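J.: The structure's right below; bear with me while I get my questions together.
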Amino acid sequence: ADIRAGLAGKKRVIIKPNMVVVNRQLAATHVECLEGILECIKALYPGEIVVAESPASGSAEEGYDNYGYHRLKNDYGVKFADLDAEPFEWAHLIDERHRPAAVRYSKMLLDPEAYVISSAILKTHDRTVVTLGLKNLAVGGIIKDAGFRWGKRDAGTNDKPLAHGGHGNQGIHFNLFSLAKLRSPHLTVLDGFEAMEGNGPSAGTPVEHRVAVASADWLAADWAGVELMGFDFAKVGYLRFSAE
């Protein structure tokens, strides 16, 4: 009922998967998770559905190819978008001295007429303890120059690291809290079939967790994910700030 109410009057559904890297399945949302979401949404919503992403490095198209997402076009009629090639708006975060830092944020995700679904993995994170539904949308919505890849000369710029709030990550939890106010998911679906522990969000090791979490309350979903992973919610700064 919550999903049906949220979809009312929306002109588009956007599913934001988690593809921090484009070449390691353990770090990315499984296509089967997206199929589960689509089975639910297609029964409730007849309009346009778009899968949209901006990986930390590489193009969204590479990830769509490597993770088998393109079959969703044939089976469910979804469209695909590379957020790095779409229009953006300016948002402001803070740096290590709490000075404003301007970042480019996806205009597609900020569209008030879009119903936005964050589909993330249950993963540890080397800077924020965990990376779940909110962080997937918040940092994934910050874009980079098309063609950017870490280690590539003259690759352009990537605004995502500005979310860290300095080289020592001094502002990262405040920035994620701020981005939650800018754009939070209408629906969160956490894919914990094969989760990640250790050196996340991309270089960790697998955990056969075999769980899933879904909620129209993004904070409730992330809170459940934190506790399923065995962490103290009160020590995950950006989520605690949001709860308070």
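Following the order of the structure tokens, first chain is A, next is B, and so on, with residues numbered from 1 inside each chain and ligands from 1 in the order they appear.
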What lies within 10 Å of region 153-158 of chain A using only C-alpha atoms, ignoring chain neighbours under 2 positions off, as a list in words?
T.: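 Contacts, in chain order: Ala56, Ser57, Asp84, Val103, Arg104, Ile142, Ile143, Lys144, Asp145, Ala146, Gly147, Phe148, Arg149, Trp150, Gly151, Lys160, Pro161 and Leu162 of chain A.
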J.: Kindly provide the residues of region 3-63 of chain A that approach region 188-194 of chain A to within 9 Å, each paired with its closest atom pair and their distance in Å to one decimal, based on only C-alpha atoms, listed by chain and increasing number, as a tab-separated table.
T.:
residue	atom	partner	partner_atom	distance
A:Leu26	CA	A:Glu194	CA	7.2
A:Thr29	CA	A:Asp191	CA	6.7
A:His30	CA	A:Asp191	CA	7.5
A:Cys33	CA	A:Asp191	CA	6.5
A:Ile37	CA	A:Val189	CA	7.9
J.: With only C-alpha atoms as the atoms that count, which of A:His164, A:Lys123, A:Arg12, A:Arg240 lies nearest to Pro201 (chain A)?
T.: A:Lys123
J.: From the DSSP assignment of the backbone, select every residue of region 87-241 of chain A that is strand (DSSP E or B), and format the answer as a PyMOL selection string.
T.: chain A and resi 88-94+100-106+114-125+129-131+142+144+158+187-197+205-207+211-215
J.: What is the distance, in Å and to one decimal place, between CA of Asp111 (chain A) and CA of Ala81 (chain A)?
T.: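 The value is 14.5 Å.
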J.: Using only C-alpha atoms, which protein or nucleic acid residues come within 9 Å of region 39-47 of chain A? Drop anything in the same chain fewer than 6 positions from it, and give the result as a PyMOL selection string.
T.: chain A and resi 3-4+7-8+10-13+76
J.: Write down as a ChimeraX atom specification the residues belonging to region 128-235 of chain A that are assigned alpha helix (DSSP H) by DSSP computed on the backbone.
T.: /A:133-140,172-182,218-228
J.: What gap, in Å, lies between CA of Glu86 (chain A) and CA of Met19 (chain A)?
T.: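 Rounded to one decimal, the two atoms are 17.3 Å apart.
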